[in-house]
$ cat run.cif   # mmCIF, C-alpha atoms and all ligand atoms
data_start
#
loop_
_atom_site.group_PDB
_atom_site.id
_atom_site.type_symbol
_atom_site.label_atom_id
_atom_site.label_comp_id
_atom_site.auth_asym_id
_atom_site.auth_seq_id
_atom_site.Cartn_x
_atom_site.Cartn_y
_atom_site.Cartn_z
ATOM 1 C CA MET V 1 11.617 19.674 -86.638
ATOM 2 C CA ARG V 2 14.084 19.183 -89.492
ATOM 3 C CA ALA V 3 13.844 20.665 -92.994
ATOM 4 C CA GLY V 4 14.601 18.517 -96.031
ATOM 5 C CA PRO V 5 16.418 19.650 -99.186
ATOM 6 C CA GLY V 6 14.441 22.364 -100.984
ATOM 7 C CA ALA V 7 12.357 23.236 -97.921
ATOM 8 C CA ASN V 8 13.283 26.748 -96.836
ATOM 9 C CA ARG V 9 10.361 28.211 -94.887
ATOM 10 C CA PHE V 10 11.496 26.689 -91.583
ATOM 11 C CA THR V 11 14.761 25.944 -89.849
ATOM 12 C CA ALA V 12 15.734 22.980 -87.706
ATOM 13 C CA GLY V 13 14.395 23.360 -84.193
ATOM 14 C CA ASP V 14 11.409 25.592 -85.084
ATOM 15 C CA ARG V 15 8.299 24.764 -83.025
ATOM 16 C CA VAL V 16 5.860 23.869 -85.773
ATOM 17 C CA TYR V 17 2.512 22.173 -86.155
ATOM 18 C CA SER V 18 0.747 20.648 -89.103
ATOM 19 C CA ARG V 19 -2.188 18.656 -90.366
ATOM 20 C CA VAL V 20 -1.112 15.654 -92.432
ATOM 21 C CA ASP V 21 -2.810 15.644 -95.834
ATOM 22 C CA ALA V 22 -5.409 13.013 -96.787
ATOM 23 C CA PRO V 23 -3.020 10.373 -98.250
ATOM 24 C CA GLY V 24 -0.988 10.313 -94.990
ATOM 25 C CA LEU V 25 -3.907 9.993 -92.571
ATOM 26 C CA GLY V 26 -4.604 7.125 -90.232
ATOM 27 C CA ALA V 27 -1.592 6.517 -88.001
ATOM 28 C CA PHE V 28 0.195 7.722 -84.867
ATOM 29 C CA ALA V 29 3.944 8.252 -85.225
ATOM 30 C CA GLU V 30 6.805 10.153 -83.643
ATOM 31 C CA PHE V 31 8.044 11.409 -87.014
ATOM 32 C CA VAL V 32 6.204 12.310 -90.177
ATOM 33 C CA CYS V 33 7.271 13.897 -93.444
ATOM 34 C CA VAL V 34 5.009 16.764 -94.617
ATOM 35 C CA PRO V 35 5.240 19.341 -97.416
ATOM 36 C CA GLU V 36 6.241 22.704 -95.954
ATOM 37 C CA GLU V 37 3.064 24.338 -97.366
ATOM 38 C CA LEU V 38 1.118 22.354 -94.773
ATOM 39 C CA VAL V 39 3.261 23.518 -91.837
ATOM 40 C CA ALA V 40 3.114 26.656 -89.680
ATOM 41 C CA LEU V 41 4.895 27.941 -86.587
ATOM 42 C CA MET V 42 2.702 26.832 -83.710
ATOM 43 C CA PRO V 43 1.155 29.368 -81.325
ATOM 44 C CA GLN V 44 3.859 30.772 -79.045
ATOM 45 C CA SER V 45 1.508 30.688 -76.088
ATOM 46 C CA LEU V 46 0.850 26.924 -76.268
ATOM 47 C CA GLY V 47 2.781 23.779 -75.432
ATOM 48 C CA PHE V 48 2.957 20.903 -77.900
ATOM 49 C CA ALA V 49 0.092 18.890 -76.385
ATOM 50 C CA GLU V 50 -2.342 21.814 -76.477
ATOM 51 C CA ALA V 51 -1.223 22.838 -79.966
ATOM 52 C CA ALA V 52 -1.894 19.283 -81.145
ATOM 53 C CA GLY V 53 -5.570 19.920 -80.416
ATOM 54 C CA LEU V 54 -5.788 22.658 -83.038
ATOM 55 C CA PRO V 55 -5.054 21.448 -86.571
ATOM 56 C CA LEU V 56 -7.905 19.027 -87.393
ATOM 57 C CA ALA V 57 -10.682 20.653 -85.383
ATOM 58 C CA GLY V 58 -9.428 24.215 -85.974
ATOM 59 C CA LEU V 59 -9.072 23.854 -89.738
ATOM 60 C CA THR V 60 -12.479 22.184 -89.921
ATOM 61 C CA ALA V 61 -14.198 24.931 -87.942
ATOM 62 C CA LEU V 62 -12.376 27.757 -89.759
ATOM 63 C CA GLN V 63 -13.006 26.442 -93.255
ATOM 64 C CA ALA V 64 -16.660 25.735 -92.450
ATOM 65 C CA LEU V 65 -17.376 29.180 -90.972
ATOM 66 C CA ARG V 66 -15.197 31.403 -93.150
ATOM 67 C CA ASP V 67 -15.219 29.632 -96.538
ATOM 68 C CA GLU V 68 -18.525 27.765 -96.652
ATOM 69 C CA LEU V 69 -20.922 29.615 -94.344
ATOM 70 C CA ARG V 70 -19.276 33.028 -94.968
ATOM 71 C CA ILE V 71 -20.121 34.218 -91.486
ATOM 72 C CA GLN V 72 -20.476 38.001 -91.131
ATOM 73 C CA PRO V 73 -20.826 40.255 -88.101
ATOM 74 C CA GLY V 74 -24.357 39.725 -86.788
ATOM 75 C CA SER V 75 -24.951 36.410 -88.616
ATOM 76 C CA ARG V 76 -27.251 34.151 -86.622
ATOM 77 C CA LEU V 77 -25.313 30.874 -86.418
ATOM 78 C CA PHE V 78 -26.360 27.506 -84.999
ATOM 79 C CA ILE V 79 -23.691 24.959 -83.987
ATOM 80 C CA SER V 80 -24.530 21.366 -83.049
ATOM 81 C CA GLY V 81 -21.993 19.517 -80.889
ATOM 82 C CA GLY V 82 -20.815 22.737 -79.236
ATOM 83 C CA ALA V 83 -18.806 21.027 -76.483
ATOM 84 C CA GLY V 84 -16.850 18.756 -78.847
ATOM 85 C CA GLY V 85 -13.486 19.233 -80.508
ATOM 86 C CA VAL V 86 -14.879 21.020 -83.578
ATOM 87 C CA GLY V 87 -17.669 22.797 -81.687
ATOM 88 C CA THR V 88 -15.465 24.397 -79.023
ATOM 89 C CA LEU V 89 -13.272 25.976 -81.690
ATOM 90 C CA ALA V 90 -16.212 26.872 -83.945
ATOM 91 C CA ILE V 91 -17.894 28.838 -81.139
ATOM 92 C CA GLN V 92 -14.752 30.868 -80.495
ATOM 93 C CA LEU V 93 -14.128 31.511 -84.193
ATOM 94 C CA ALA V 94 -17.753 32.541 -84.676
ATOM 95 C CA LYS V 95 -17.404 35.078 -81.861
ATOM 96 C CA TYR V 96 -14.165 36.329 -83.478
ATOM 97 C CA TYR V 97 -16.266 36.923 -86.628
ATOM 98 C CA ARG V 98 -18.864 38.623 -84.373
ATOM 99 C CA ALA V 99 -21.682 36.204 -85.123
ATOM 100 C CA GLU V 100 -24.570 35.532 -82.750
ATOM 101 C CA VAL V 101 -24.118 31.907 -81.657
ATOM 102 C CA THR V 102 -26.537 29.264 -80.440
ATOM 103 C CA ALA V 103 -24.910 25.899 -79.652
ATOM 104 C CA THR V 104 -26.094 22.527 -78.403
ATOM 105 C CA ALA V 105 -24.516 20.768 -75.418
ATOM 106 C CA SER V 106 -25.599 18.216 -72.854
ATOM 107 C CA PRO V 107 -25.607 19.537 -69.262
ATOM 108 C CA ARG V 108 -21.963 18.579 -68.627
ATOM 109 C CA GLY V 109 -20.865 20.927 -71.440
ATOM 110 C CA HIS V 110 -23.138 23.899 -70.704
ATOM 111 C CA ALA V 111 -20.733 25.956 -68.607
ATOM 112 C CA LEU V 112 -17.886 25.382 -71.040
ATOM 113 C CA VAL V 113 -19.915 26.375 -74.091
ATOM 114 C CA ARG V 114 -21.111 29.554 -72.351
ATOM 115 C CA GLU V 115 -17.595 30.390 -71.240
ATOM 116 C CA LEU V 116 -16.384 30.039 -74.839
ATOM 117 C CA GLY V 117 -18.879 32.719 -75.877
ATOM 118 C CA ALA V 118 -22.100 31.027 -76.987
ATOM 119 C CA ASP V 119 -24.996 33.484 -76.619
ATOM 120 C CA ARG V 120 -27.497 30.674 -76.147
ATOM 121 C CA VAL V 121 -27.005 27.016 -75.189
ATOM 122 C CA VAL V 122 -29.574 24.337 -76.026
ATOM 123 C CA ASP V 123 -29.614 21.155 -73.949
ATOM 124 C CA TYR V 124 -30.300 18.638 -76.704
ATOM 125 C CA THR V 125 -31.059 15.922 -74.133
ATOM 126 C CA ARG V 126 -34.175 17.849 -73.009
ATOM 127 C CA GLU V 127 -35.126 20.177 -75.821
ATOM 128 C CA ASN V 128 -36.017 19.379 -79.433
ATOM 129 C CA PHE V 129 -34.609 22.546 -80.937
ATOM 130 C CA ALA V 130 -36.568 21.990 -84.171
ATOM 131 C CA HIS V 131 -39.638 23.058 -82.147
ATOM 132 C CA THR V 132 -38.100 25.990 -80.290
ATOM 133 C CA LEU V 133 -35.648 27.699 -82.663
ATOM 134 C CA GLU V 134 -36.044 29.365 -86.082
ATOM 135 C CA GLY V 135 -34.684 31.948 -88.465
ATOM 136 C CA PHE V 136 -30.970 31.092 -88.434
ATOM 137 C CA ASP V 137 -28.769 32.336 -91.276
ATOM 138 C CA ALA V 138 -26.310 29.465 -91.058
ATOM 139 C CA ALA V 139 -25.587 26.214 -89.265
ATOM 140 C CA LEU V 140 -22.500 24.107 -88.643
ATOM 141 C CA ASP V 141 -23.516 20.535 -87.876
ATOM 142 C CA ALA V 142 -20.887 18.449 -86.057
ATOM 143 C CA VAL V 143 -23.274 15.657 -85.037
ATOM 144 C CA GLY V 144 -25.135 14.378 -88.119
ATOM 145 C CA GLY V 145 -28.053 11.921 -88.072
ATOM 146 C CA ARG V 146 -31.303 13.115 -86.522
ATOM 147 C CA THR V 147 -29.619 16.326 -85.336
ATOM 148 C CA LEU V 148 -28.862 17.279 -88.936
ATOM 149 C CA THR V 149 -32.455 16.513 -89.954
ATOM 150 C CA ARG V 150 -33.668 18.953 -87.302
ATOM 151 C CA VAL V 151 -31.229 21.657 -88.407
ATOM 152 C CA PHE V 152 -33.108 21.989 -91.722
ATOM 153 C CA ARG V 153 -36.167 23.182 -89.809
ATOM 154 C CA ILE V 154 -34.522 26.100 -88.011
ATOM 155 C CA LEU V 155 -32.930 27.951 -90.922
ATOM 156 C CA ARG V 156 -34.459 30.842 -92.814
ATOM 157 C CA ARG V 157 -34.935 30.380 -96.550
ATOM 158 C CA GLY V 158 -31.654 31.174 -98.287
ATOM 159 C CA GLY V 159 -29.669 29.951 -95.272
ATOM 160 C CA ARG V 160 -26.637 27.665 -95.446
ATOM 161 C CA ILE V 161 -25.903 24.373 -93.711
ATOM 162 C CA VAL V 162 -22.464 22.828 -93.522
ATOM 163 C CA SER V 163 -22.154 19.419 -91.940
ATOM 164 C CA VAL V 164 -18.886 17.703 -91.049
ATOM 165 C CA ALA V 165 -20.649 14.618 -89.691
ATOM 166 C CA GLY V 166 -23.602 14.068 -92.055
ATOM 167 C CA ILE V 167 -23.923 12.785 -95.610
ATOM 168 C CA PRO V 168 -21.217 13.550 -98.198
ATOM 169 C CA GLU V 169 -22.396 15.099 -101.491
ATOM 170 C CA PRO V 170 -20.827 15.497 -104.942
ATOM 171 C CA LYS V 171 -18.797 18.612 -104.038
ATOM 172 C CA THR V 172 -17.202 16.642 -101.193
ATOM 173 C CA ALA V 173 -15.914 14.148 -103.747
ATOM 174 C CA LEU V 174 -14.780 16.589 -106.430
ATOM 175 C CA GLN V 175 -13.605 19.598 -104.417
ATOM 176 C CA ASP V 176 -12.484 18.173 -101.057
ATOM 177 C CA LEU V 177 -11.319 14.647 -101.872
ATOM 178 C CA HIS V 178 -10.275 15.192 -105.509
ATOM 179 C CA ALA V 179 -11.984 11.888 -106.205
ATOM 180 C CA SER V 180 -13.228 10.498 -109.511
ATOM 181 C CA ARG V 181 -16.571 11.304 -111.147
ATOM 182 C CA ALA V 182 -17.678 7.795 -110.173
ATOM 183 C CA VAL V 183 -17.275 8.699 -106.488
ATOM 184 C CA ALA V 184 -19.113 11.983 -107.120
ATOM 185 C CA ILE V 185 -22.002 10.046 -108.674
ATOM 186 C CA LEU V 186 -22.067 7.669 -105.695
ATOM 187 C CA PHE V 187 -22.184 10.662 -103.311
ATOM 188 C CA TRP V 188 -24.908 12.222 -105.502
ATOM 189 C CA VAL V 189 -27.003 9.098 -104.940
ATOM 190 C CA VAL V 190 -26.392 8.742 -101.184
ATOM 191 C CA SER V 191 -27.071 12.449 -100.630
ATOM 192 C CA LEU V 192 -30.300 12.530 -102.630
ATOM 193 C CA GLY V 193 -32.485 12.575 -99.496
ATOM 194 C CA VAL V 194 -30.561 15.301 -97.722
ATOM 195 C CA ARG V 195 -30.347 17.440 -100.881
ATOM 196 C CA LEU V 196 -34.089 17.097 -101.405
ATOM 197 C CA ARG V 197 -34.611 18.188 -97.821
ATOM 198 C CA ALA V 198 -32.408 21.218 -98.474
ATOM 199 C CA TRP V 199 -34.296 22.063 -101.671
ATOM 200 C CA ARG V 200 -37.653 21.879 -99.857
ATOM 201 C CA ALA V 201 -36.372 24.092 -97.025
ATOM 202 C CA GLY V 202 -34.853 26.574 -99.510
ATOM 203 C CA VAL V 203 -31.360 26.271 -97.990
ATOM 204 C CA SER V 204 -27.997 25.068 -99.277
ATOM 205 C CA TYR V 205 -26.396 21.899 -97.948
ATOM 206 C CA ARG V 206 -22.706 21.061 -98.043
ATOM 207 C CA TYR V 207 -20.702 18.254 -96.459
ATOM 208 C CA LEU V 208 -17.211 19.637 -95.874
ATOM 209 C CA PHE V 209 -14.134 17.460 -95.675
ATOM 210 C CA MET V 210 -11.508 19.869 -94.360
ATOM 211 C CA HIS V 211 -8.194 20.340 -96.178
ATOM 212 C CA ALA V 212 -4.703 20.661 -94.728
ATOM 213 C CA SER V 213 -3.285 24.198 -95.010
ATOM 214 C CA GLY V 214 -0.197 25.854 -93.518
ATOM 215 C CA ASP V 215 -1.688 29.301 -94.271
ATOM 216 C CA ASP V 216 -4.829 28.524 -92.261
ATOM 217 C CA LEU V 217 -2.716 27.119 -89.397
ATOM 218 C CA ARG V 218 -0.696 30.353 -89.369
ATOM 219 C CA PHE V 219 -3.945 32.330 -89.163
ATOM 220 C CA LEU V 220 -5.188 30.132 -86.291
ATOM 221 C CA ALA V 221 -1.870 30.480 -84.435
ATOM 222 C CA GLY V 222 -2.250 34.262 -84.648
ATOM 223 C CA LEU V 223 -5.778 34.091 -83.215
ATOM 224 C CA VAL V 224 -4.541 31.926 -80.340
ATOM 225 C CA ASP V 225 -1.663 34.271 -79.513
ATOM 226 C CA GLU V 226 -3.979 37.295 -79.711
ATOM 227 C CA GLY V 227 -6.325 35.618 -77.224
ATOM 228 C CA TYR V 228 -9.335 35.040 -79.500
ATOM 229 C CA VAL V 229 -9.148 31.243 -79.545
ATOM 230 C CA ARG V 230 -7.831 28.509 -77.276
ATOM 231 C CA PRO V 231 -7.938 24.774 -77.830
ATOM 232 C CA VAL V 232 -9.931 22.943 -75.168
ATOM 233 C CA VAL V 233 -8.154 19.766 -74.026
ATOM 234 C CA ASP V 234 -10.340 17.080 -72.507
ATOM 235 C CA SER V 235 -7.550 14.646 -71.615
ATOM 236 C CA ILE V 236 -4.008 13.615 -72.553
ATOM 237 C CA TYR V 237 -2.852 10.021 -73.046
ATOM 238 C CA PRO V 238 0.651 8.659 -73.663
ATOM 239 C CA LEU V 239 1.063 6.579 -76.820
ATOM 240 C CA THR V 240 1.318 3.414 -74.730
ATOM 241 C CA GLN V 241 -2.261 3.998 -73.508
ATOM 242 C CA ILE V 242 -3.762 4.591 -76.910
ATOM 243 C CA PRO V 243 -6.506 1.944 -76.451
ATOM 244 C CA ASP V 244 -7.729 3.972 -73.439
ATOM 245 C CA ALA V 245 -7.729 7.124 -75.563
ATOM 246 C CA PHE V 246 -9.899 5.434 -78.179
ATOM 247 C CA ALA V 247 -12.185 4.004 -75.498
ATOM 248 C CA ALA V 248 -12.665 7.518 -74.083
ATOM 249 C CA LEU V 249 -13.382 8.825 -77.580
ATOM 250 C CA GLU V 250 -15.943 6.112 -78.259
ATOM 251 C CA THR V 251 -17.891 6.768 -75.059
ATOM 252 C CA GLY V 252 -18.568 10.256 -76.525
ATOM 253 C CA GLY V 253 -19.048 13.444 -74.582
ATOM 254 C CA ALA V 254 -15.408 14.534 -74.535
ATOM 255 C CA LYS V 255 -15.182 18.211 -73.710
ATOM 256 C CA GLY V 256 -12.790 19.433 -76.385
ATOM 257 C CA LYS V 257 -9.955 17.276 -77.701
ATOM 258 C CA ILE V 258 -8.413 14.017 -76.543
ATOM 259 C CA ILE V 259 -4.657 14.274 -77.121
ATOM 260 C CA VAL V 260 -2.051 11.527 -77.555
ATOM 261 C CA THR V 261 1.562 12.383 -76.729
ATOM 262 C CA MET V 262 4.806 10.490 -77.238
ATOM 263 C CA ASP V 263 5.741 10.898 -73.538
ATOM 264 C CA ASP V 264 5.276 7.855 -71.309
ATOM 265 C CA ASP V 265 4.514 9.954 -68.251
ATOM 266 C CA SER V 266 1.641 12.114 -69.572
ATOM 267 C CA PRO V 267 -1.326 12.221 -67.229
ATOM 268 C CA ALA V 268 -4.320 10.266 -68.535
HETATM 269 N N1 LIG N 1 -15.486 16.332 -92.247
HETATM 270 C C1 LIG N 1 -14.376 16.694 -91.621
HETATM 271 O O1 LIG N 1 -13.446 17.240 -92.211
HETATM 272 C C2 LIG N 1 -14.278 16.440 -90.152
HETATM 273 C C3 LIG N 1 -13.207 16.957 -89.413
HETATM 274 C C4 LIG N 1 -13.206 16.758 -88.040
HETATM 275 C C5 LIG N 1 -14.222 16.036 -87.433
HETATM 276 N N2 LIG N 1 -15.209 15.508 -88.206
HETATM 277 C C6 LIG N 1 -16.336 14.793 -87.612
HETATM 278 O O2 LIG N 1 -17.104 15.767 -86.936
HETATM 279 C C7 LIG N 1 -17.751 15.175 -85.822
HETATM 280 C C8 LIG N 1 -17.446 15.980 -84.571
HETATM 281 O O3 LIG N 1 -16.066 15.890 -84.304
HETATM 282 P P1 LIG N 1 -15.549 16.312 -82.858
HETATM 283 O O4 LIG N 1 -14.090 16.152 -82.871
HETATM 284 O O5 LIG N 1 -16.123 17.634 -82.490
HETATM 285 O O6 LIG N 1 -16.228 15.161 -81.975
HETATM 286 P P2 LIG N 1 -16.381 15.102 -80.391
HETATM 287 O O7 LIG N 1 -15.292 15.876 -79.757
HETATM 288 O O8 LIG N 1 -16.561 13.668 -80.050
HETATM 289 O O9 LIG N 1 -17.731 15.902 -80.109
HETATM 290 C C9 LIG N 1 -18.955 15.501 -80.536
HETATM 291 C C10 LIG N 1 -20.002 16.228 -79.711
HETATM 292 O O10 LIG N 1 -21.254 15.772 -80.181
HETATM 293 C C11 LIG N 1 -22.171 15.932 -79.136
HETATM 294 N N3 LIG N 1 -23.292 14.997 -79.318
HETATM 295 C C12 LIG N 1 -23.278 13.659 -79.263
HETATM 296 N N4 LIG N 1 -24.517 13.193 -79.526
HETATM 297 C C13 LIG N 1 -25.291 14.283 -79.764
HETATM 298 C C14 LIG N 1 -26.667 14.464 -80.090
HETATM 299 N N5 LIG N 1 -27.495 13.456 -80.242
HETATM 300 N N6 LIG N 1 -27.106 15.737 -80.274
HETATM 301 C C15 LIG N 1 -26.298 16.793 -80.135
HETATM 302 N N7 LIG N 1 -24.995 16.673 -79.807
HETATM 303 C C16 LIG N 1 -24.514 15.436 -79.632
HETATM 304 C C17 LIG N 1 -21.430 15.692 -77.847
HETATM 305 O O11 LIG N 1 -21.922 16.699 -77.015
HETATM 306 P P3 LIG N 1 -22.152 16.570 -75.439
HETATM 307 O O12 LIG N 1 -20.787 16.417 -74.819
HETATM 308 O O13 LIG N 1 -22.792 17.845 -75.103
HETATM 309 O O14 LIG N 1 -23.017 15.359 -75.215
HETATM 310 C C18 LIG N 1 -19.948 15.936 -78.230
HETATM 311 O O15 LIG N 1 -19.432 17.049 -77.558
HETATM 312 C C19 LIG N 1 -17.270 13.721 -85.770
HETATM 313 O O16 LIG N 1 -18.230 12.919 -86.424
HETATM 314 C C20 LIG N 1 -15.985 13.753 -86.577
HETATM 315 O O17 LIG N 1 -15.699 12.498 -87.176
HETATM 316 C C21 LIG N 1 -15.264 15.705 -89.533
#
$ encode --input "run.cif" --output "C-alpha cells" --more "lines below"
Ligand SMILES: NC(=O)c1ccc[n+]([C@@H]2O[C@H](COP(=O)([O-])OP(=O)(O)OC[C@H]3O[C@@H](n4cnc5c(N)ncnc54)[C@H](OP(=O)(O)O)[C@@H]3O)[C@@H](O)[C@H]2O)c1
Amino acid sequence: MRAGPGANRFTAGDRVYSRVDAPGLGAFAEFVCVPEELVALMPQSLGFAEAAGLPLAGLTALQALRDELRIQPGSRLFISGGAGGVGTLAIQLAKYYRAEVTATASPRGHALVRELGADRVVDYTRENFAHTLEGFDAALDAVGGRTLTRVFRILRRGGRIVSVAGIPEPKTALQDLHASRAVAILFWVVSLGVRLRAWRAGVSYRYLFMHASGDDLRFLAGLVDEGYVRPVVDSIYPLTQIPDAFAALETGGAKGKIIVTMDDDSPA
C-alpha cells in the first residue's frame, strides 16, 4: 500500500483492505486508487487471499443485518443462500448479534452452515419452506426469484425483508445508488409487484445495494480477530485463470467466496 498526498490515516506498507466504491467497480487489477475513508487495516489473523473474501460479502451482510433489519438479541432471522458468500458471513454476524438463525442450503452446504452457527438448516431442494416455517421477525434474501416470493409467507406482520438479489425499489436508487429521480421512478414501477406483496403481508421490503465503508471494514476486521467471524473461501484462482473462476461462479453452489489472486502459482 502507498498513501497519496493528503492521505494520512495509513502509512506505506500497512496491510489494508478495501471495497472499491460504485464508480470504480467492474475490473480486476493489481493496483487501484481508493479514498482513504474506504480503507481499513485488514484483520491481523488473515492472509491477503482470505481477507479479500470479506469486503463485498461482509459489508453486504453487516449493512443488511445491522442497518436495515436491526437485528436484536433473540430476533428470529431467516437467511436464504446460507452457504454462499453473503450467507456464510450473515449467519456468523447474526450469531454475533445473538439472533436465532434459520438458513437455507442444499445438502452440500448443510454441515458448513451448521458449523457457522445456524440453529436450523432448511434443504431448499427438498422442502418448500413457505409451507413449513412461519413467524420470523426478519429475513435476508440472497437468492431472489421464487425464493424471495416464498420469504413473504414466513414473516410475522410487522417483519422486515431485505433482499440483495431481488427487485430494486426506489430507496435503492435514491439512498444506495444516489441515482436520479427518473431511476427511482423506474425502480418504483419494476418493484410494484414485490411492494404490493409486502403490503399484503404487512411487512417491509427493501432491496439493499451495499456501500463501501472503511469504518465498517474496521468493525469487521475486529470481529474476525476476536474470533466471531471468518471468511469462508471456496477456491482461489490466479489472475491468469480468471475464466475458470467465472465458470466456477456461474455453475453456482460455491461454498463461501471464490478468490482471484495476482500470484501465478495459487492453487485453483
Ligand atoms: N445488492 C448487493 O449489494 C449485493 C452484494 C453482494 C452480492 N449480491 C448478490 O447477492 C447474491 C448472493 O451473493 P453470494 O456472493 O452469496 O452468491 P453465491 O456465493 O453464489 O451464493 C449463492 C447461494 O445461493 C444458493 N442458491 C442457489 N439457488 C438457490 C435456490 N433456488 N434456493 C435457495 N438457495 C439457492 C446456493 O446455495 P447452495 O450452495 O446451498 O445450493 C449458493 O450458496 C447474488 O445474486 C449477488 O449478485 C448483492
$ residues_around --input "run.cif" --residues "segment 38-40 of chain V" --least-positions-apart "3" --cutoff "8 Å" --atoms "all atoms listed in the file" --output "PyMOL selection string"
chain V and resi 16-21+34-35+212-215+217-218
$ write_last_selection --input "run.cif" --atoms "C-alpha atoms" --output "PDB file, in the frame of the given file"
ATOM      1  CA  VAL V  16       5.860  23.869 -85.773  1.00  0.00           C
ATOM      2  CA  TYR V  17       2.512  22.173 -86.155  1.00  0.00           C
ATOM      3  CA  SER V  18       0.747  20.648 -89.103  1.00  0.00           C
ATOM      4  CA  ARG V  19      -2.188  18.656 -90.366  1.00  0.00           C
ATOM      5  CA  VAL V  20      -1.112  15.654 -92.432  1.00  0.00           C
ATOM      6  CA  ASP V  21      -2.810  15.644 -95.834  1.00  0.00           C
ATOM      7  CA  VAL V  34       5.009  16.764 -94.617  1.00  0.00           C
ATOM      8  CA  PRO V  35       5.240  19.341 -97.416  1.00  0.00           C
ATOM      9  CA  ALA V 212      -4.703  20.661 -94.728  1.00  0.00           C
ATOM     10  CA  SER V 213      -3.285  24.198 -95.010  1.00  0.00           C
ATOM     11  CA  GLY V 214      -0.197  25.854 -93.518  1.00  0.00           C
ATOM     12  CA  ASP V 215      -1.688  29.301 -94.271  1.00  0.00           C
ATOM     13  CA  LEU V 217      -2.716  27.119 -89.397  1.00  0.00           C
ATOM     14  CA  ARG V 218      -0.696  30.353 -89.369  1.00  0.00           C
TER      15      ARG V 218
END
$ resolve_selection --input "run.cif" --expression "the PyMOL selection byres (((not hetatm)) within 9 of (chain N and resi 1))" --output "ChimeraX atom specification"
/V:56-61,80-89,104-110,123-125,141-148,163-166,168,176,207-211,234,249-258
$ atom_distance --input "run.cif" --atom1 "atom CA of Val151 of chain V" --atom2 "atom CA of Ala130 of chain V"
6.8 Å
$ axis_aligned_box --input "run.cif" --around "segment 48-65 of chain V" --padding-each-side "5 Å" --output "AutoDock Vina command-line options"
--center_x -7.2 --center_y 24.0 --center_z -84.8 --size_x 30.3 --size_y 20.3 --size_z 26.9
$ atom_distance --input "run.cif" --atom1 "atom CA of Val122 of chain V" --atom2 "atom CA of Val101 of chain V"
10.9 Å
$ atom_distance --input "run.cif" --atom1 "atom CA of Arg200 of chain V" --atom2 "atom CA of Gly158 of chain V"
11.2 Å
$ closest_residue --input "run.cif" --among "V:Ala12, V:Gln92, V:Leu25, V:Leu65" --to "Tyr228 of chain V" --atoms "only C-alpha atoms"
V:Gln92
$ resolve_selection --input "run.cif" --expression "the PyMOL selection byres (((chain V and resi 133) around 12) and not hetatm)" --output "number ranges by chain"
V: 76-78, 102-104, 120-122, 127-132, 134-137, 150-156
$ residues_near_point --input "run.cif" --point "(-22.2, 29.1, -90.2)" --cutoff "9 Å" --atoms "all atoms listed in the file" --output "list in words"
Ala64, Leu65, Arg66, Glu68, Leu69, Arg70, Ile71, Ser75, Arg76, Leu77, Phe78, Ile79, Ala90, Ala94, Ala99, Asp137, Ala138, Ala139, Leu140, Asp141, Arg160, Ile161 and Val162 of chain V
$ closest_residue --input "run.cif" --among "V:Ala248, V:Arg98, V:Asp225, V:Glu30" --to "Ala118 of chain V" --atoms "all atoms listed in the file"
V:Arg98
$ resolve_selection --input "run.cif" --expression "the PyMOL selection byres (((chain V and resi 187) around 9) and not hetatm)" --output "PyMOL selection string"
chain V and resi 167-173+182-186+188-192
$ residues_around --input "run.cif" --residues "segment 259-261 of chain V" --least-positions-apart "6" --cutoff "6 Å" --atoms "all atoms listed in the file" --output "PyMOL selection string"
chain V and resi 236-239
$ closest_residue --input "run.cif" --among "V:Ala22, V:Leu220, V:Ile242, V:Ala49" --to "Leu177 of chain V" --atoms "all atoms listed in the file"
V:Ala22
$ residues_around --input "run.cif" --residues "Ala3 of chain V" --least-positions-apart "4" --cutoff "10 Å" --atoms "all atoms listed in the file" --output "MDAnalysis selection string"
chainID V and resid 7:14 33:36
$ closest_residue --input "run.cif" --among "V:Gly227, V:Gly159, V:Ala111, V:Met262" --to "Arg206 of chain V" --atoms "only C-alpha atoms"
V:Gly159
$ residues_around --input "run.cif" --residues "Val32 of chain V" --least-positions-apart "3" --cutoff "10 Å" --atoms "all atoms listed in the file" --output "PDB file with C-alpha atoms, in the frame of the given file"
ATOM      1  CA  MET V   1      11.617  19.674 -86.638  1.00  0.00           C
ATOM      2  CA  VAL V  20      -1.112  15.654 -92.432  1.00  0.00           C
ATOM      3  CA  GLY V  24      -0.988  10.313 -94.990  1.00  0.00           C
ATOM      4  CA  ALA V  27      -1.592   6.517 -88.001  1.00  0.00           C
ATOM      5  CA  PHE V  28       0.195   7.722 -84.867  1.00  0.00           C
ATOM      6  CA  ALA V  29       3.944   8.252 -85.225  1.00  0.00           C
TER       7      ALA V  29
END
$ closest_residue --input "run.cif" --among "V:Leu223, V:Gln63, V:Thr149, V:Glu37" --to "Arg195 of chain V" --atoms "all atoms listed in the file"
V:Thr149
